[in-house]
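Asks: Below is structure.pdb; it holds PDB, C-alpha atoms, pLDDT in the B column.
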ATOM      1  CA  MET A1132     -18.394  41.708  23.745  1.00 62.00           C
ATOM      2  CA  ASN A1133     -15.795  41.591  20.986  1.00 72.00           C
ATOM      3  CA  THR A1134     -17.078  42.546  17.559  1.00 78.00           C
ATOM      4  CA  ILE A1135     -15.296  42.418  14.251  1.00 79.00           C
ATOM      5  CA  SER A1136     -16.036  44.373  11.147  1.00 80.00           C
ATOM      6  CA  ARG A1137     -17.379  42.837   7.970  1.00 77.00           C
ATOM      7  CA  ARG A1138     -13.993  43.426   6.313  1.00 80.00           C
ATOM      8  CA  GLN A1139     -12.140  41.632   9.145  1.00 77.00           C
ATOM      9  CA  PHE A1140     -14.585  38.728   8.932  1.00 77.00           C
ATOM     10  CA  LEU A1141     -14.102  38.397   5.150  1.00 74.00           C
ATOM     11  CA  GLN A1142     -10.300  38.624   5.471  1.00 79.00           C
ATOM     12  CA  LYS A1143     -10.225  35.943   8.160  1.00 77.00           C
ATOM     13  CA  SER A1144     -12.594  33.740   6.132  1.00 75.00           C
ATOM     14  CA  ALA A1145     -10.386  34.096   3.044  1.00 73.00           C
ATOM     15  CA  GLN A1146      -7.291  33.138   5.049  1.00 77.00           C
ATOM     16  CA  VAL A1147      -8.970  30.038   6.456  1.00 73.00           C
ATOM     17  CA  THR A1148     -10.290  29.051   3.019  1.00 74.00           C
ATOM     18  CA  LEU A1149      -6.867  29.465   1.390  1.00 71.00           C
ATOM     19  CA  GLY A1150      -5.275  27.450   4.180  1.00 70.00           C
ATOM     20  CA  LEU A1151      -7.760  24.627   3.725  1.00 67.00           C
ATOM     21  CA  LEU A1152      -7.316  24.648  -0.060  1.00 69.00           C
ATOM     22  CA  GLY A1153      -3.528  24.555   0.343  1.00 70.00           C
ATOM     23  CA  THR A1154      -3.752  21.631   2.749  1.00 70.00           C
ATOM     24  CA  ALA A1155      -6.111  19.745   0.434  1.00 66.00           C
ATOM     25  CA  GLY A1156      -3.844  20.410  -2.543  1.00 68.00           C
ATOM     26  CA  ALA A1157      -0.740  19.215  -0.720  1.00 62.00           C
ATOM     27  CA  SER A1158      -2.589  16.123   0.472  1.00 60.00           C
ATOM     28  CA  GLY A1159      -3.721  15.369  -3.078  1.00 59.00           C
ATOM     29  CA  ILE A1160      -0.198  15.736  -4.454  1.00 59.00           C
ATOM     30  CA  TYR A1161       1.187  13.452  -1.739  1.00 57.00           C
ATOM     31  CA  SER A1162      -1.484  10.767  -2.105  1.00 56.00           C
ATOM     32  CA  HIS A1163      -1.392  10.601  -5.919  1.00 57.00           C
ATOM     33  CA  TRP A1164       2.200  11.354  -6.926  1.00 57.00           C
ATOM     34  CA  ILE A1165       4.417  10.566  -3.950  1.00 60.00           C
ATOM     35  CA  GLU A1166       3.076   7.798  -1.715  1.00 62.00           C
ATOM     36  CA  PRO A1167       2.127   5.335  -4.500  1.00 58.00           C
ATOM     37  CA  TYR A1168       5.778   5.175  -5.598  1.00 63.00           C
ATOM     38  CA  TRP A1169       7.325   5.288  -2.159  1.00 67.00           C
ATOM     39  CA  LEU A1170       9.023   1.971  -1.548  1.00 71.00           C
ATOM     40  CA  GLU A1171      10.562   1.558   1.863  1.00 74.00           C
ATOM     41  CA  ILE A1172      12.629  -1.503   2.674  1.00 77.00           C
ATOM     42  CA  LYS A1173      13.439  -2.250   6.293  1.00 82.00           C
ATOM     43  CA  TYR A1174      15.401  -5.204   7.560  1.00 84.00           C
ATOM     44  CA  VAL A1175      14.452  -6.178  11.094  1.00 86.00           C
ATOM     45  CA  ASP A1176      16.279  -8.906  12.993  1.00 87.00           C
ATOM     46  CA  ILE A1177      14.079 -10.633  15.523  1.00 86.00           C
ATOM     47  CA  THR A1178      15.601 -12.745  18.272  1.00 87.00           C
ATOM     48  CA  LEU A1179      13.331 -15.242  19.963  1.00 89.00           C
ATOM     49  CA  PRO A1180      15.219 -17.340  22.518  1.00 90.00           C
ATOM     50  CA  ARG A1181      13.027 -20.449  22.216  1.00 91.00           C
ATOM     51  CA  LEU A1182      12.666 -20.377  18.426  1.00 89.00           C
ATOM     52  CA  SER A1183      14.100 -23.399  16.675  1.00 91.00           C
ATOM     53  CA  PRO A1184      17.480 -22.820  15.015  1.00 89.00           C
ATOM     54  CA  ALA A1185      15.828 -24.041  11.805  1.00 88.00           C
ATOM     55  CA  PHE A1186      14.341 -20.546  11.524  1.00 89.00           C
ATOM     56  CA  ASP A1187      17.701 -18.784  11.739  1.00 88.00           C
ATOM     57  CA  LYS A1188      17.907 -16.291   8.837  1.00 88.00           C
ATOM     58  CA  PHE A1189      14.249 -17.004   7.917  1.00 92.00           C
ATOM     59  CA  ARG A1190      13.131 -14.101   5.721  1.00 92.00           C
ATOM     60  CA  ILE A1191       9.606 -12.755   5.716  1.00 93.00           C
ATOM     61  CA  VAL A1192       8.628 -10.092   3.207  1.00 93.00           C
ATOM     62  CA  HIS A1193       5.634  -7.980   4.121  1.00 93.00           C
ATOM     63  CA  PHE A1194       4.094  -5.577   1.631  1.00 90.00           C
ATOM     64  CA  SER A1195       0.878  -3.662   1.606  1.00 88.00           C
ATOM     65  CA  ASP A1196      -1.234  -0.882   0.105  1.00 85.00           C
ATOM     66  CA  LEU A1197      -0.636  -1.249  -3.629  1.00 84.00           C
ATOM     67  CA  HIS A1198      -3.860   0.633  -4.415  1.00 83.00           C
ATOM     68  CA  GLN A1199      -3.857  -0.370  -8.077  1.00 82.00           C
ATOM     69  CA  GLY A1200      -5.925   2.132  -9.990  1.00 77.00           C
ATOM     70  CA  VAL A1201      -5.930   5.227 -12.145  1.00 69.00           C
ATOM     71  CA  TYR A1202      -2.823   6.720 -10.545  1.00 65.00           C
ATOM     72  CA  SER A1203      -0.648   3.596 -10.499  1.00 71.00           C
ATOM     73  CA  LYS A1204       2.036   2.759 -13.030  1.00 71.00           C
ATOM     74  CA  PRO A1205       2.634  -0.845 -14.211  1.00 68.00           C
ATOM     75  CA  GLN A1206       6.432  -0.354 -14.262  1.00 73.00           C
ATOM     76  CA  ALA A1207       6.326   0.404 -10.528  1.00 75.00           C
ATOM     77  CA  LEU A1208       4.802  -3.058  -9.974  1.00 79.00           C
ATOM     78  CA  THR A1209       7.534  -4.719 -12.006  1.00 83.00           C
ATOM     79  CA  GLU A1210      10.204  -2.999  -9.908  1.00 85.00           C
ATOM     80  CA  LEU A1211       8.411  -3.996  -6.709  1.00 86.00           C
ATOM     81  CA  ALA A1212       8.211  -7.659  -7.763  1.00 89.00           C
ATOM     82  CA  GLN A1213      11.911  -7.666  -8.658  1.00 90.00           C
ATOM     83  CA  GLN A1214      12.903  -6.117  -5.334  1.00 90.00           C
ATOM     84  CA  ILE A1215      10.780  -8.566  -3.367  1.00 91.00           C
ATOM     85  CA  GLN A1216      12.242 -11.580  -5.187  1.00 92.00           C
ATOM     86  CA  GLN A1217      15.823 -10.253  -4.765  1.00 92.00           C
ATOM     87  CA  VAL A1218      15.372 -10.564  -1.002  1.00 90.00           C
ATOM     88  CA  LYS A1219      14.827 -14.331  -1.510  1.00 94.00           C
ATOM     89  CA  PRO A1220      11.969 -14.483   0.986  1.00 95.00           C
ATOM     90  CA  ASP A1221      11.020 -17.677   2.774  1.00 96.00           C
ATOM     91  CA  LEU A1222       7.482 -16.346   3.320  1.00 96.00           C
ATOM     92  CA  ILE A1223       5.530 -13.489   1.719  1.00 96.00           C
ATOM     93  CA  CYS A1224       2.701 -11.602   3.423  1.00 96.00           C
ATOM     94  CA  PHE A1225       0.427  -9.076   1.738  1.00 94.00           C
ATOM     95  CA  THR A1226      -1.775  -7.096   4.112  1.00 93.00           C
ATOM     96  CA  GLY A1227      -4.405  -5.470   1.998  1.00 88.00           C
ATOM     97  CA  ASP A1228      -5.506  -2.707  -0.322  1.00 87.00           C
ATOM     98  CA  LEU A1229      -4.616  -4.388  -3.593  1.00 88.00           C
ATOM     99  CA  LEU A1230      -7.053  -2.200  -5.560  1.00 86.00           C
ATOM    100  CA  ASP A1231      -8.176   1.382  -5.233  1.00 79.00           C
ATOM    101  CA  HIS A1232     -11.974   1.456  -5.650  1.00 76.00           C
ATOM    102  CA  SER A1233     -12.182  -0.357  -9.003  1.00 81.00           C
ATOM    103  CA  ALA A1234     -11.818  -3.948 -10.171  1.00 86.00           C
ATOM    104  CA  ASP A1235     -10.666  -2.636 -13.574  1.00 86.00           C
ATOM    105  CA  TYR A1236      -7.030  -2.971 -12.512  1.00 84.00           C
ATOM    106  CA  ILE A1237      -7.128  -6.516 -11.162  1.00 88.00           C
ATOM    107  CA  SER A1238      -5.164  -7.939 -14.124  1.00 87.00           C
ATOM    108  CA  GLU A1239      -2.109  -5.760 -13.324  1.00 85.00           C
ATOM    109  CA  ALA A1240      -2.303  -6.724  -9.667  1.00 86.00           C
ATOM    110  CA  VAL A1241      -2.618 -10.438 -10.489  1.00 88.00           C
ATOM    111  CA  ALA A1242       0.345 -10.172 -12.874  1.00 87.00           C
ATOM    112  CA  LEU A1243       2.466  -8.735 -10.049  1.00 86.00           C
ATOM    113  CA  CYS A1244       1.363 -11.227  -7.421  1.00 91.00           C
ATOM    114  CA  SER A1245       1.885 -14.150  -9.818  1.00 93.00           C
ATOM    115  CA  GLN A1246       5.605 -13.290  -9.968  1.00 91.00           C
ATOM    116  CA  LEU A1247       6.035 -13.634  -6.213  1.00 94.00           C
ATOM    117  CA  ARG A1248       7.054 -16.980  -4.785  1.00 95.00           C
ATOM    118  CA  ALA A1249       8.444 -18.164  -1.473  1.00 96.00           C
ATOM    119  CA  PRO A1250       9.146 -21.720  -0.257  1.00 96.00           C
ATOM    120  CA  PHE A1251       6.821 -21.413   2.748  1.00 96.00           C
ATOM    121  CA  GLY A1252       4.079 -19.739   0.716  1.00 96.00           C
ATOM    122  CA  GLN A1253       2.371 -16.453   0.021  1.00 97.00           C
ATOM    123  CA  PHE A1254      -0.398 -15.269   2.336  1.00 97.00           C
ATOM    124  CA  ALA A1255      -2.785 -12.321   2.165  1.00 96.00           C
ATOM    125  CA  VAL A1256      -5.567 -10.543   3.975  1.00 94.00           C
ATOM    126  CA  LEU A1257      -7.910  -7.982   2.446  1.00 93.00           C
ATOM    127  CA  GLY A1258      -7.787  -4.299   3.276  1.00 90.00           C
ATOM    128  CA  ASN A1259     -10.598  -1.784   3.571  1.00 87.00           C
ATOM    129  CA  HIS A1260     -10.225  -0.678  -0.078  1.00 85.00           C
ATOM    130  CA  ASP A1261     -10.520  -4.308  -1.172  1.00 85.00           C
ATOM    131  CA  ALA A1262     -13.931  -4.441   0.478  1.00 81.00           C
ATOM    132  CA  PHE A1263     -15.412  -1.547  -1.561  1.00 76.00           C
ATOM    133  CA  GLY A1264     -17.404  -3.845  -3.831  1.00 74.00           C
ATOM    134  CA  THR A1265     -14.296  -5.680  -5.022  1.00 84.00           C
ATOM    135  CA  ARG A1266     -13.919  -8.281  -2.254  1.00 89.00           C
ATOM    136  CA  LYS A1267     -14.727 -11.281  -4.474  1.00 92.00           C
ATOM    137  CA  VAL A1268     -12.593 -10.028  -7.378  1.00 92.00           C
ATOM    138  CA  VAL A1269      -9.589  -9.382  -5.120  1.00 92.00           C
ATOM    139  CA  THR A1270      -9.935 -12.727  -3.341  1.00 94.00           C
ATOM    140  CA  LYS A1271     -10.159 -14.559  -6.671  1.00 94.00           C
ATOM    141  CA  GLY A1272      -7.217 -12.607  -8.115  1.00 93.00           C
ATOM    142  CA  LEU A1273      -4.972 -13.241  -5.131  1.00 94.00           C
ATOM    143  CA  THR A1274      -5.895 -16.929  -5.107  1.00 96.00           C
ATOM    144  CA  GLN A1275      -5.217 -17.265  -8.841  1.00 95.00           C
ATOM    145  CA  SER A1276      -1.813 -15.700  -8.367  1.00 94.00           C
ATOM    146  CA  GLY A1277      -0.798 -18.224  -5.698  1.00 96.00           C
ATOM    147  CA  PHE A1278      -1.687 -16.403  -2.483  1.00 96.00           C
ATOM    148  CA  HIS A1279      -3.626 -18.036   0.344  1.00 97.00           C
ATOM    149  CA  VAL A1280      -6.264 -15.492   1.399  1.00 96.00           C
ATOM    150  CA  LEU A1281      -6.810 -15.698   5.150  1.00 94.00           C
TER
END
What does the file become when written as structure tokens?
Replies:
Amino acid sequence: MNTISRRQFLQKSAQVTLGLLGTAGASGIYSHWIEPYWLEIKYVDITLPRLSPAFDKFRIVHFSDLHQGVYSKPQALTELAQQIQQVKPDLICFTGDLLDHSADYISEAVALCSQLRAPFGQFAVLGNHDAFGTRKVVTKGLTQSGFHVL
């Protein structure tokens, strides 16, 4: 049987605790100060042999996970709206998580979404954060701003 001393146990416990605290701290920094402002634009060409030539160069913009809340900045939304509109999308798709736990920030989100237009429409689905007691508010906000909520 392997036994460890009290001192060894306390040292090992302290190491594990510090490791967990470091991981939690890094995760908190990432989720509040990095990811919310991380905008990634990817252009993907899709070739479908039987697709009508009418859809050649058809542009779809997909965005997601705005998480409007305490840690979001309104100027980031303005930049996002400008970048989306610069692409000149034919269709816009939003796939959820407009708000982050509170309906208090719906006006900023509606202001952003109201700026987005595409000839073939704007469509949205709700994310898990939108369902945390804010489902009706998010659905109403997206609808008011010109999105069809599916």
Asks: May I ask for the distance between CA of Gly1264 in chain A and CA of His1279 in chain A, given in Å to one decimal place?
Replies: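 One can read the CA of Gly1264 in chain A to CA of His1279 in chain A distance as 20.2 Å.
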Asks: Quick check on the file I pasted: which residues fall under the PyMOL selection byres ((chain A and resi 1198) around 9)? Write them as a count of residues only.
Replies: 16
Asks: Excluding His1193 in chain A and any residue of its chain fewer than 4 positions from it, enumerate the residues within 8 Å of it, using all atoms listed in the file, and give them as a list in words.
Replies: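 Contacts, with the query itself left out: Ile1223, Cys1224, Phe1225 and Thr1226 of chain A.
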Asks: Which residues are close to Gln1275 in chain A, i.e. within 8 Å by all atoms listed in the file, leaving aside same-chain residues fewer than 4 positions away? Reply as an MDAnalysis selection string.
Replies: chainID A and resid 1241 1245 1271
Asks: Determine the residue set returned by the PyMOL selection byres ((chain A and resi 1249) around 6) for the present structure, and present it as an mmCIF file with C-alpha atoms, keeping the file's coordinate frame.
Replies:
data_model
loop_
_atom_site.group_PDB
_atom_site.id
_atom_site.type_symbol
_atom_site.label_atom_id
_atom_site.label_comp_id
_atom_site.auth_asym_id
_atom_site.auth_seq_id
_atom_site.Cartn_x
_atom_site.Cartn_y
_atom_site.Cartn_z
ATOM 1 C CA PRO A 1220 11.969 -14.483 0.986
ATOM 2 C CA ASP A 1221 11.020 -17.677 2.774
ATOM 3 C CA LEU A 1222 7.482 -16.346 3.320
ATOM 4 C CA ARG A 1248 7.054 -16.980 -4.785
ATOM 5 C CA PRO A 1250 9.146 -21.720 -0.257
ATOM 6 C CA PHE A 1251 6.821 -21.413 2.748
ATOM 7 C CA GLY A 1252 4.079 -19.739 0.716
#
Asks: Can you measure CA of Lys1204 in chain A to CA of Gln1216 in chain A for me? One decimal in Å is fine.
Replies: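 Going from CA of Lys1204 in chain A over to CA of Gln1216 in chain A covers 19.3 Å.
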Asks: Kindly compute an axis-aligned box around the listed atoms of range 1235-1247 of chain A, allowing 8 Å on each side, and express its centre and edge lengths in Å to one decimal as JSON.
Replies:
{"center_x": -2.3, "center_y": -8.4, "center_z": -10.2, "size_x": 32.7, "size_y": 27.5, "size_z": 23.9}
Asks: Would you work out the distance separating CA of Ile1215 in chain A from CA of Ala1240 in chain A, expressed in Å to one decimal?
Replies: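 One can read the CA of Ile1215 in chain A to CA of Ala1240 in chain A distance as 14.6 Å.
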Asks: Pick the closest to Arg1190 in chain A from A:Arg1138, A:Val1218, A:Leu1208, A:Val1147: which is it, counting all atoms listed in the file?
Replies: A:Val1218
Asks: Counting all atoms listed in the file, figure out which residue out of A:Ala1212, A:Ala1145, A:Gln1246, A:Gln1217 gets nearest to Ser1276 in chain A.
Replies: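 That would be A:Gln1246, the residue with the smallest distance to Ser1276 in chain A.
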Asks: Ranking A:Val1175, A:Ala1207, A:Ala1262, A:Val1268 by minimum distance to Leu1243 in chain A and counting only C-alpha atoms, which one comes first?
Replies: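 The shortest atom-to-atom distance to Leu1243 in chain A comes from A:Ala1207.
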Asks: For the PyMOL selection byres ((chain A and resi 1278) around 7), applied here, can you spell out every residue it catches as a list in words?
Replies: Gln1253, Phe1254, Ala1255, Leu1273, Thr1274, Ser1276, Gly1277, His1279 and Val1280 of chain A
Asks: Print the selection's residues with C-alpha atoms to a file, as a PDB file, in the coordinates of the input.
Replies:
ATOM      1  CA  GLN A1253       2.371 -16.453   0.021  1.00 97.00           C
ATOM      2  CA  PHE A1254      -0.398 -15.269   2.336  1.00 97.00           C
ATOM      3  CA  ALA A1255      -2.785 -12.321   2.165  1.00 96.00           C
ATOM      4  CA  LEU A1273      -4.972 -13.241  -5.131  1.00 94.00           C
ATOM      5  CA  THR A1274      -5.895 -16.929  -5.107  1.00 96.00           C
ATOM      6  CA  SER A1276      -1.813 -15.700  -8.367  1.00 94.00           C
ATOM      7  CA  GLY A1277      -0.798 -18.224  -5.698  1.00 96.00           C
ATOM      8  CA  HIS A1279      -3.626 -18.036   0.344  1.00 97.00           C
ATOM      9  CA  VAL A1280      -6.264 -15.492   1.399  1.00 96.00           C
TER      10      VAL A1280
END
Asks: Which residue out of A:Gln1139, A:Thr1270, A:Asn1133, A:Gln1214 has the minimum interatomic distance to Leu1247 in chain A when all atoms listed in the file are used?
Replies: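 Between A:Gln1139, A:Thr1270, A:Asn1133, A:Gln1214, the residue approaching Leu1247 in chain A most closely is A:Gln1214.
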Asks: Which one of A:Ser1144, A:Asp1176, A:Glu1171, A:Ile1135 sits closest to Leu1211 in chain A if you count all atoms listed in the file?
Replies: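 Result for the nearest residue to Leu1211 in chain A: A:Glu1171.
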